[in-house]
$ cat model01.csv   # CSV, C-alpha atoms and all ligand atoms
chain,number,residue,atom,x,y,z
A,1,MET,CA,55.4,160.3,131.1
A,2,LYS,CA,58.6,161.7,129.6
A,3,HIS,CA,61.3,159.6,128.0
A,4,PHE,CA,64.8,160.5,127.0
A,5,LEU,CA,65.0,159.2,123.4
A,6,ASN,CA,66.3,162.1,121.4
A,7,THR,CA,67.6,165.6,122.2
A,8,ALA,CA,65.3,167.0,119.6
A,9,ASP,CA,62.5,166.4,122.2
A,10,TYR,CA,64.3,168.8,124.6
A,11,THR,CA,65.0,172.5,124.5
A,12,ARG,CA,68.5,174.0,124.8
A,13,ALA,CA,67.4,175.4,128.2
A,14,GLU,CA,66.3,171.9,129.4
A,15,ILE,CA,69.5,170.4,128.3
A,16,ALA,CA,71.5,173.2,129.9
A,17,ALA,CA,69.7,172.6,133.2
A,18,MET,CA,70.7,168.9,133.0
A,19,LEU,CA,74.3,169.9,132.3
A,20,ASP,CA,74.3,172.2,135.4
A,21,ASP,CA,73.0,169.4,137.5
A,22,ALA,CA,75.7,167.1,136.1
A,23,ARG,CA,78.4,169.7,137.0
A,24,ALA,CA,77.0,169.8,140.5
A,25,MET,CA,77.1,166.0,140.8
A,26,ARG,CA,80.7,166.0,139.5
A,27,LEU,CA,81.6,168.0,142.6
A,28,SER,CA,79.3,166.0,144.9
A,29,PRO,CA,78.7,162.5,143.4
A,30,PHE,CA,76.6,160.8,146.0
A,31,GLY,CA,72.9,161.3,146.7
A,32,GLU,CA,69.6,159.6,147.3
A,33,ALA,CA,67.7,160.7,144.2
A,34,LEU,CA,67.3,157.1,143.1
A,35,LYS,CA,67.0,155.6,146.5
A,36,GLY,CA,64.8,152.5,146.3
A,37,LYS,CA,64.7,152.8,142.5
A,38,THR,CA,65.7,150.1,140.0
A,39,VAL,CA,67.0,150.8,136.5
A,40,ALA,CA,66.9,148.1,133.8
A,41,LEU,CA,69.8,148.4,131.3
A,42,LEU,CA,69.1,146.4,128.1
A,43,PHE,CA,72.1,146.0,125.9
A,44,LEU,CA,71.5,144.3,122.5
A,45,ASN,CA,75.1,145.5,121.6
A,46,ASN,CA,78.5,145.7,123.2
A,47,SER,CA,79.5,148.6,125.5
A,48,LEU,CA,82.2,149.7,127.9
A,49,ARG,CA,81.4,153.3,128.8
A,50,THR,CA,77.6,153.2,128.7
A,51,ARG,CA,77.2,150.0,130.7
A,52,THR,CA,79.7,151.0,133.4
A,53,SER,CA,78.7,154.6,133.7
A,54,PHE,CA,75.0,153.9,134.0
A,55,ASP,CA,75.6,151.1,136.6
A,56,VAL,CA,78.0,153.2,138.7
A,57,GLY,CA,75.8,156.3,138.3
A,58,VAL,CA,72.6,154.6,139.5
A,59,GLN,CA,74.5,153.2,142.5
A,60,GLN,CA,75.9,156.6,143.4
A,61,LEU,CA,72.4,157.9,143.6
A,62,GLY,CA,71.2,155.1,145.9
A,63,GLY,CA,69.6,153.0,143.2
A,64,HIS,CA,70.1,149.5,141.7
A,65,ALA,CA,70.8,148.6,138.1
A,66,VAL,CA,69.9,145.3,136.4
A,67,VAL,CA,71.9,144.7,133.2
A,68,LEU,CA,70.1,142.6,130.6
A,69,SER,CA,71.5,141.2,127.4
A,70,PRO,CA,70.8,138.3,125.0
A,71,SER,CA,74.2,136.8,125.9
A,72,GLY,CA,73.2,137.1,129.6
A,73,GLY,CA,70.3,134.7,129.2
A,74,MET,CA,67.5,137.0,128.2
A,75,TRP,CA,64.8,135.5,126.0
A,76,PRO,CA,65.2,136.5,122.3
A,77,LEU,CA,62.7,139.3,121.7
A,78,GLU,CA,60.3,140.0,118.8
A,79,PHE,CA,59.8,143.7,117.9
A,80,GLU,CA,57.3,143.6,115.1
A,81,ASP,CA,53.6,144.0,115.8
A,82,GLY,CA,51.1,141.5,114.5
A,83,VAL,CA,53.6,138.8,113.5
A,84,VAL,CA,53.2,135.0,113.9
A,85,MET,CA,56.0,134.3,116.3
A,86,ASP,CA,57.2,131.1,114.8
A,87,GLY,CA,60.9,132.1,114.5
A,88,GLU,CA,63.6,132.5,117.1
A,89,ALA,CA,61.9,135.1,119.3
A,90,GLU,CA,60.3,133.7,122.4
A,91,GLU,CA,58.8,136.9,123.8
A,92,HIS,CA,57.3,140.0,122.3
A,93,VAL,CA,58.6,143.4,123.4
A,94,LYS,CA,55.1,144.3,124.5
A,95,GLU,CA,55.2,141.8,127.3
A,96,ALA,CA,58.9,142.5,128.0
A,97,ALA,CA,58.4,146.3,128.4
A,98,LYS,CA,55.3,145.9,130.5
A,99,VAL,CA,56.8,143.3,132.8
A,100,LEU,CA,60.0,145.2,133.2
A,101,SER,CA,57.9,148.2,134.1
A,102,ARG,CA,56.4,146.3,137.0
A,103,TYR,CA,59.9,145.7,138.5
A,104,CYS,CA,61.9,148.8,137.4
A,105,ASP,CA,61.5,152.6,137.4
A,106,VAL,CA,63.5,153.3,134.2
A,107,ILE,CA,64.4,151.2,131.2
A,108,GLY,CA,67.6,152.0,129.2
A,109,VAL,CA,67.9,150.5,125.7
A,110,ARG,CA,70.9,150.1,123.4
A,111,ALA,CA,69.9,148.7,120.0
A,112,PHE,CA,72.2,149.4,117.0
A,113,PRO,CA,70.9,149.1,113.4
A,114,LYS,CA,70.9,145.8,111.7
A,115,PHE,CA,72.9,147.3,108.8
A,116,ILE,CA,70.7,145.6,106.1
A,117,ASP,CA,68.1,148.2,105.2
A,118,TRP,CA,68.3,151.8,106.3
A,119,LYS,CA,64.6,152.4,105.6
A,120,GLU,CA,63.9,149.9,108.3
A,121,ASP,CA,66.7,150.8,110.7
A,122,ARG,CA,65.7,154.5,110.6
A,123,LYS,CA,62.4,153.6,112.1
A,124,ASP,CA,64.3,152.9,115.4
A,125,LYS,CA,61.7,150.1,116.0
A,126,ILE,CA,63.2,148.6,119.1
A,127,LEU,CA,63.5,151.9,121.0
A,128,SER,CA,60.1,153.0,119.8
A,129,ALA,CA,58.5,149.8,120.9
A,130,PHE,CA,59.9,150.1,124.4
A,131,ALA,CA,58.8,153.7,124.6
A,132,ARG,CA,55.3,152.7,123.4
A,133,TYR,CA,54.8,149.8,125.7
A,134,ALA,CA,56.8,150.6,128.8
A,135,GLU,CA,54.9,152.1,131.7
A,136,VAL,CA,58.1,153.8,133.0
A,137,PRO,CA,60.5,156.3,131.3
A,138,VAL,CA,62.8,154.9,128.6
A,139,VAL,CA,66.3,156.2,128.0
A,140,ASN,CA,68.1,155.8,124.6
A,141,MET,CA,71.6,154.3,125.4
A,142,GLU,CA,72.4,154.5,121.6
A,143,THR,CA,70.3,153.3,118.7
A,144,ILE,CA,70.4,155.5,115.6
A,145,THR,CA,71.2,158.5,117.8
A,146,HIS,CA,73.2,158.7,121.0
A,147,PRO,CA,71.7,161.5,123.1
A,148,CYS,CA,73.6,160.7,126.3
A,149,GLN,CA,76.9,161.1,124.4
A,150,GLU,CA,75.6,164.5,123.1
A,151,LEU,CA,75.2,165.8,126.6
A,152,ALA,CA,78.6,164.5,127.7
A,153,HIS,CA,80.2,166.0,124.7
A,154,MET,CA,78.7,169.5,125.0
A,155,MET,CA,79.5,169.5,128.7
A,156,ALA,CA,83.2,168.8,127.9
A,157,VAL,CA,83.3,171.4,125.2
A,158,GLU,CA,81.7,174.2,127.4
A,159,ASP,CA,83.9,173.3,130.3
A,160,GLN,CA,87.1,173.4,128.3
A,161,PHE,CA,86.2,176.7,126.5
A,162,ALA,CA,85.5,178.2,130.0
A,163,ALA,CA,88.8,176.9,131.3
A,164,GLU,CA,90.6,178.5,128.3
A,165,SER,CA,88.8,181.9,129.0
A,166,ARG,CA,86.9,181.7,125.7
A,167,PRO,CA,83.5,180.7,127.1
A,168,GLY,CA,80.3,179.9,125.2
A,169,THR,CA,79.5,178.0,122.1
A,170,ASP,CA,77.4,180.5,120.1
A,171,GLY,CA,79.0,181.6,116.9
A,172,LYS,CA,82.0,179.3,117.2
A,173,LYS,CA,82.9,176.9,114.3
A,174,TYR,CA,82.1,173.2,114.9
A,175,VAL,CA,83.4,170.6,112.5
A,176,LEU,CA,82.1,167.1,112.4
A,177,THR,CA,84.6,165.1,110.3
A,178,TRP,CA,84.1,161.7,108.9
A,179,THR,CA,87.2,159.5,109.4
A,180,TYR,CA,88.3,156.2,107.9
A,181,HIS,CA,87.5,152.9,109.7
A,182,PRO,CA,87.8,149.5,108.1
A,183,LYS,CA,84.1,148.8,108.7
A,184,PRO,CA,81.0,150.8,107.9
A,185,LEU,CA,79.8,152.0,111.4
A,186,ASN,CA,76.6,153.3,112.8
A,187,THR,CA,75.6,156.9,112.0
A,188,ALA,CA,74.2,157.5,115.5
A,189,VAL,CA,77.0,159.6,117.0
A,190,ALA,CA,77.4,161.6,113.8
A,191,ASN,CA,73.7,162.3,113.8
A,192,SER,CA,73.9,163.3,117.4
A,193,SER,CA,77.0,165.5,117.0
A,194,LEU,CA,75.3,167.5,114.3
A,195,MET,CA,72.1,168.0,116.4
A,196,ILE,CA,73.8,169.1,119.6
A,197,ALA,CA,76.2,171.4,117.9
A,198,ALA,CA,73.3,173.1,116.0
A,199,LYS,CA,71.2,173.3,119.2
A,200,PHE,CA,74.1,175.0,121.1
A,201,GLY,CA,74.6,177.8,118.5
A,202,PHE,CA,77.6,176.7,116.6
A,203,ASP,CA,78.2,177.3,112.9
A,204,VAL,CA,78.3,173.7,111.9
A,205,THR,CA,80.4,172.1,109.2
A,206,LEU,CA,80.0,168.5,108.1
A,207,LEU,CA,83.2,167.2,106.4
A,208,CYS,CA,82.8,163.9,104.5
A,209,PRO,CA,84.5,162.2,101.5
A,210,THR,CA,81.6,162.4,99.0
A,211,PRO,CA,77.9,163.4,99.0
A,212,ASP,CA,77.1,159.7,99.7
A,213,TYR,CA,78.3,160.3,103.3
A,214,VAL,CA,75.9,163.1,104.1
A,215,LEU,CA,73.7,162.0,107.0
A,216,ASP,CA,70.0,161.1,107.0
A,217,GLU,CA,67.8,163.9,105.9
A,218,ARG,CA,65.9,163.8,109.3
A,219,TYR,CA,69.1,164.8,111.2
A,220,MET,CA,70.3,167.2,108.5
A,221,ALA,CA,67.0,168.9,108.6
A,222,GLN,CA,66.9,169.1,112.4
A,223,ALA,CA,70.4,170.6,112.5
A,224,GLU,CA,69.6,173.0,109.7
A,225,LYS,CA,66.4,174.1,111.5
A,226,ASP,CA,68.3,174.7,114.8
A,227,CYS,CA,71.2,176.5,113.0
A,228,ARG,CA,68.7,178.8,111.3
A,229,ALA,CA,66.8,179.5,114.5
A,230,ASN,CA,70.1,180.5,116.1
A,231,GLY,CA,71.1,182.6,113.2
A,232,ARG,CA,73.9,180.2,112.3
A,233,SER,CA,74.7,178.0,109.3
A,234,LEU,CA,75.0,174.3,108.4
A,235,THR,CA,77.6,173.7,105.7
A,236,VAL,CA,78.5,170.4,104.0
A,237,THR,CA,82.0,170.2,102.4
A,238,HIS,CA,84.4,167.6,101.0
A,239,ASP,CA,87.3,170.0,101.2
A,240,ILE,CA,89.5,169.2,104.2
A,241,GLU,CA,91.3,172.5,104.4
A,242,GLU,CA,88.2,174.6,104.1
A,243,ALA,CA,86.5,172.6,106.9
A,244,TYR,CA,89.4,172.8,109.4
A,245,LYS,CA,90.3,176.4,108.7
A,246,GLY,CA,89.2,178.5,111.8
A,247,ALA,CA,87.5,175.5,113.5
A,248,ASP,CA,87.0,175.8,117.3
A,249,VAL,CA,85.8,172.2,117.7
A,250,VAL,CA,86.7,169.1,115.7
A,251,TYR,CA,84.6,166.0,116.4
A,252,CYS,CA,85.6,162.9,114.5
A,253,LYS,CA,83.6,159.8,113.7
A,254,SER,CA,83.4,157.2,111.1
A,255,TRP,CA,80.1,156.0,109.6
A,256,GLY,CA,78.8,154.0,106.6
A,257,ALA,CA,77.5,155.8,103.5
A,258,LEU,CA,73.7,155.4,103.6
A,259,PRO,CA,73.2,154.7,99.9
A,260,TYR,CA,75.3,151.5,100.3
A,261,PHE,CA,73.4,150.4,103.4
A,262,GLY,CA,73.2,146.6,103.3
A,263,ASN,CA,75.3,146.4,100.1
A,264,TRP,CA,78.6,147.5,101.6
A,265,GLY,CA,80.9,145.9,99.0
A,266,PRO,CA,80.9,148.9,96.6
A,267,GLU,CA,81.4,151.3,99.5
A,268,LYS,CA,84.7,149.7,100.5
A,269,PRO,CA,86.9,151.2,97.7
A,270,ILE,CA,85.4,154.7,98.4
A,271,ARG,CA,86.1,154.3,102.1
A,272,ASP,CA,89.6,152.9,101.4
A,273,ALA,CA,90.4,155.9,99.2
A,274,HIS,CA,89.8,158.3,102.1
A,275,THR,CA,92.2,157.1,104.9
A,276,HIS,CA,93.7,160.6,104.6
A,277,PHE,CA,90.7,162.0,106.5
A,278,ILE,CA,92.6,161.0,109.7
A,279,VAL,CA,92.7,163.8,112.3
A,280,ASP,CA,96.4,164.8,112.5
A,281,GLU,CA,98.6,167.7,113.6
A,282,LYS,CA,98.8,169.2,110.1
A,283,LYS,CA,95.0,169.5,109.9
A,284,MET,CA,94.7,170.7,113.5
A,285,ALA,CA,97.3,173.5,112.7
A,286,LEU,CA,94.7,175.0,110.4
A,287,THR,CA,92.2,175.5,113.3
A,288,ASN,CA,91.6,178.2,115.8
A,289,ASP,CA,93.3,176.1,118.5
A,290,ALA,CA,90.4,173.7,118.2
A,291,LEU,CA,89.3,171.3,120.8
A,292,VAL,CA,89.1,167.7,119.5
A,293,SER,CA,87.2,164.8,120.6
A,294,HIS,CA,85.7,161.3,119.8
A,295,CYS,CA,83.0,159.3,121.6
A,296,LEU,CA,85.3,156.3,122.0
A,297,PRO,CA,86.0,153.5,121.4
A,298,MET,CA,88.5,154.8,118.8
A,299,ARG,CA,91.1,153.1,116.6
A,300,ARG,CA,94.3,155.1,117.2
A,301,ASN,CA,96.3,156.2,114.2
A,302,VAL,CA,93.3,155.3,112.0
A,303,LYS,CA,90.8,157.9,113.0
A,304,MET,CA,93.2,160.2,115.0
A,305,THR,CA,96.9,160.2,115.4
A,306,ASP,CA,98.5,159.6,118.8
A,307,ALA,CA,100.0,163.1,118.7
A,308,VAL,CA,96.5,164.7,118.5
A,309,PHE,CA,94.7,162.3,120.7
A,310,ASP,CA,97.4,162.6,123.5
A,311,SER,CA,97.6,166.4,123.1
A,312,SER,CA,96.0,169.0,125.5
A,313,ALA,CA,93.5,169.8,122.7
A,314,CYS,CA,91.8,166.4,123.1
A,315,ILE,CA,88.8,166.3,125.5
A,316,ALA,CA,87.8,162.7,124.8
A,317,TYR,CA,88.5,161.5,128.4
A,318,GLU,CA,86.5,164.4,129.9
A,319,GLU,CA,83.7,163.6,127.5
A,320,ALA,CA,83.8,159.9,128.5
A,321,GLU,CA,83.8,160.9,132.2
A,322,ASN,CA,80.9,163.2,131.7
A,323,ARG,CA,78.8,160.2,130.6
A,324,LEU,CA,78.6,159.3,134.3
A,325,HIS,CA,77.5,162.8,135.4
A,326,VAL,CA,75.0,163.6,132.6
A,327,GLN,CA,73.3,160.2,132.8
A,328,LYS,CA,72.7,160.8,136.5
A,329,ALA,CA,71.2,164.2,135.7
A,330,ILE,CA,69.0,162.6,133.0
A,331,LEU,CA,67.7,159.9,135.4
A,332,LYS,CA,67.0,162.5,138.1
A,333,ALA,CA,65.1,164.7,135.5
A,334,LEU,CA,63.0,161.7,134.5
A,335,MET,CA,62.2,160.8,138.1
A,336,LYS,CA,60.8,164.2,138.8
B,1,LIG,N1,80.7,156.0,123.6
B,1,LIG,C1,80.1,154.9,124.0
B,1,LIG,O1,78.8,154.8,124.0
B,1,LIG,O2,80.9,153.9,124.5
B,1,LIG,P1,80.4,152.4,124.6
B,1,LIG,O3,80.0,151.9,123.3
B,1,LIG,O4,81.7,151.7,125.2
B,1,LIG,O5,79.3,152.3,125.6

$ encode --input "model01.csv" --output "C-alpha cells"
Amino acid sequence: MKHFLNTADYTRAEIAAMLDDARAMRLSPFGEALKGKTVALLFLNNSLRTRTSFDVGVQQLGGHAVVLSPSGGMWPLEFEDGVVMDGEAEEHVKEAAKVLSRYCDVIGVRAFPKFIDWKEDRKDKILSAFARYAEVPVVNMETITHPCQELAHMMAVEDQFAAESRPGTDGKKYVLTWTYHPKPLNTAVANSSLMIAAKFGFDVTLLCPTPDYVLDERYMAQAEKDCRANGRSLTVTHDIEEAYKGADVVYCKSWGALPYFGNWGPEKPIRDAHTHFIVDEKKMALTNDALVSHCLPMRRNVKMTDAVFDSSACIAYEEAENRLHVQKAILKALMK
C-alpha cells in the first residue's frame, strides 16, 4: 500500500504524471474516480486552503470527506507506543487509525510540530503512526514537510514559465528566501520548497539571515543529492543581492531557527534584526524577471510588499488554486 507522505518517496516522473493529471482535471473538474469512497481529513492544526481544497476535490470526484479535529469533538489521541495512558489522551492512534480504516478509503493528516524539541518533532511521530497503523493510504496534509504544497507550487511555476515562452525548470535559478515573521514558524514549507526545486532540476539557493537558519540536515541532504543527480547546485547564502541576482523563481517563507527550537527567546533579537529580508520591488529588480510565490497564509508588507504580491510576477493565487487540482491527482493515484 502506497502513502503520500513525502515527495522524496516519489520520482520526478511520478510527480510529473500527477501534475499532468492535475492539469487535465483543471480543464475537466468533475469525475467518478472517488465514487463511493470516503476520505478522512484529520486536522490537528488550523487550515483554510488544505481543508477546503481537499473537501471540494473529494466531492468533485464523487466521494465524501469527513473532517475531524480535536475542536470538533474528537477524542484526544496518544501517539507514543508503550505508554501508560493516564494523561489527557483517551484513545491511542493505533485504534484510531485502524478504526478509521474500516470506514474510510484514505486518511489525510495535518499535525504541526509542538515547537519544544526539534529532535522529537523531526521524527514526525503522528504522521508516521498513522502510516504504520492505518490499513488505507495516508496523505500528509502538512507536518514537518508539505508535499501537497510542493506539487501545487511546481505546477504553477511550470505553467507560468510555459505561458511566458520560457518553458522548463532545468538549469533555472530558484531562490528560497527566509523572510521575517513575528513568530518562529514551522520549517515544513521551506523543507518542501528546497526538495521540489532540487528534484525539478533548478540550481537552488537558500537565502537566510545566519547559519542558524539553515534547514534540517535531512532536507538539505535530500536537496543536495537531487541537485547533484541533476548536475545542479545547492547554495546557501546570507547575501541578499547575491541570492536575488539572476533568479528565475523567488519563493518566500519564514521559519524558526532550529538551534533555538523550544528556547525561542534568544532567537527573537536575531529575527527582529532581519525584517529587511522582506521581498520588495528593489530586490525583485535584481532577478531575471523572476516569478514569486508564497504558500499562504502570508502577512502582507511583512514577508512581501503589496507591490510585489499584487504584481504579475506573483503566482501565489495560481499555486493556491492548484492545491485543489494536485490533491485530486494524488488521491486518484493512491486509489489505483
Ligand atoms: N498553504 C496551506 O497549507 O494553507 P492552509 O494552512 O490554509 O491550509

$ residues_around --input "model01.csv" --residues "Arg271 (chain A)" --least-positions-apart "3" --cutoff "9 Å" --atoms "only C-alpha atoms" --output "list in words"
Tyr180, His181, Pro182, Lys183, Pro184, Pro209, Gly256, Ala257, Glu267, Lys268, His274 and Thr275 of chain A

$ residues_around --input "model01.csv" --residues "region 158-162 of chain A" --least-positions-apart "4" --cutoff "10 Å" --atoms "all atoms listed in the file" --output "count of residues only"
17

$ residues_near_ligand --input "model01.csv" --ligand "ligand LIG 1 (chain B)" --cutoff "8 Å" --atoms "all atoms listed in the file" --output "compact mmCIF listing (two decimals) with C-alpha atoms, keeping the file's coordinate frame"
# COMPACT_ATOMS: atom_id res chain seq x y z
CA ASN A 46 78.50 145.70 123.20
CA SER A 47 79.50 148.60 125.50
CA LEU A 48 82.20 149.70 127.90
CA ARG A 49 81.40 153.30 128.80
CA THR A 50 77.60 153.20 128.70
CA ARG A 51 77.20 150.00 130.70
CA THR A 52 79.70 151.00 133.40
CA MET A 141 71.60 154.30 125.40
CA GLU A 142 72.40 154.50 121.60
CA HIS A 146 73.20 158.70 121.00
CA GLN A 149 76.90 161.10 124.40
CA CYS A 295 83.00 159.30 121.60
CA LEU A 296 85.30 156.30 122.00
CA PRO A 297 86.00 153.50 121.40
CA ALA A 320 83.80 159.90 128.50

$ closest_residue --input "model01.csv" --among "A:Leu194, A:Val106, A:Leu258, A:Val56" --to "Arg323 (chain A)" --atoms "only C-alpha atoms"
A:Val56

$ residues_around --input "model01.csv" --residues "Ser254 (chain A)" --least-positions-apart "6" --cutoff "10 Å" --atoms "all atoms listed in the file" --output "PyMOL selection string"
chain A and resi 177-187+189-190+208+213+271+277+294+298+303

$ atom_distance --input "model01.csv" --atom1 "CA of Asp21 (chain A)" --atom2 "CA of Ala33 (chain A)"
12.2 Å
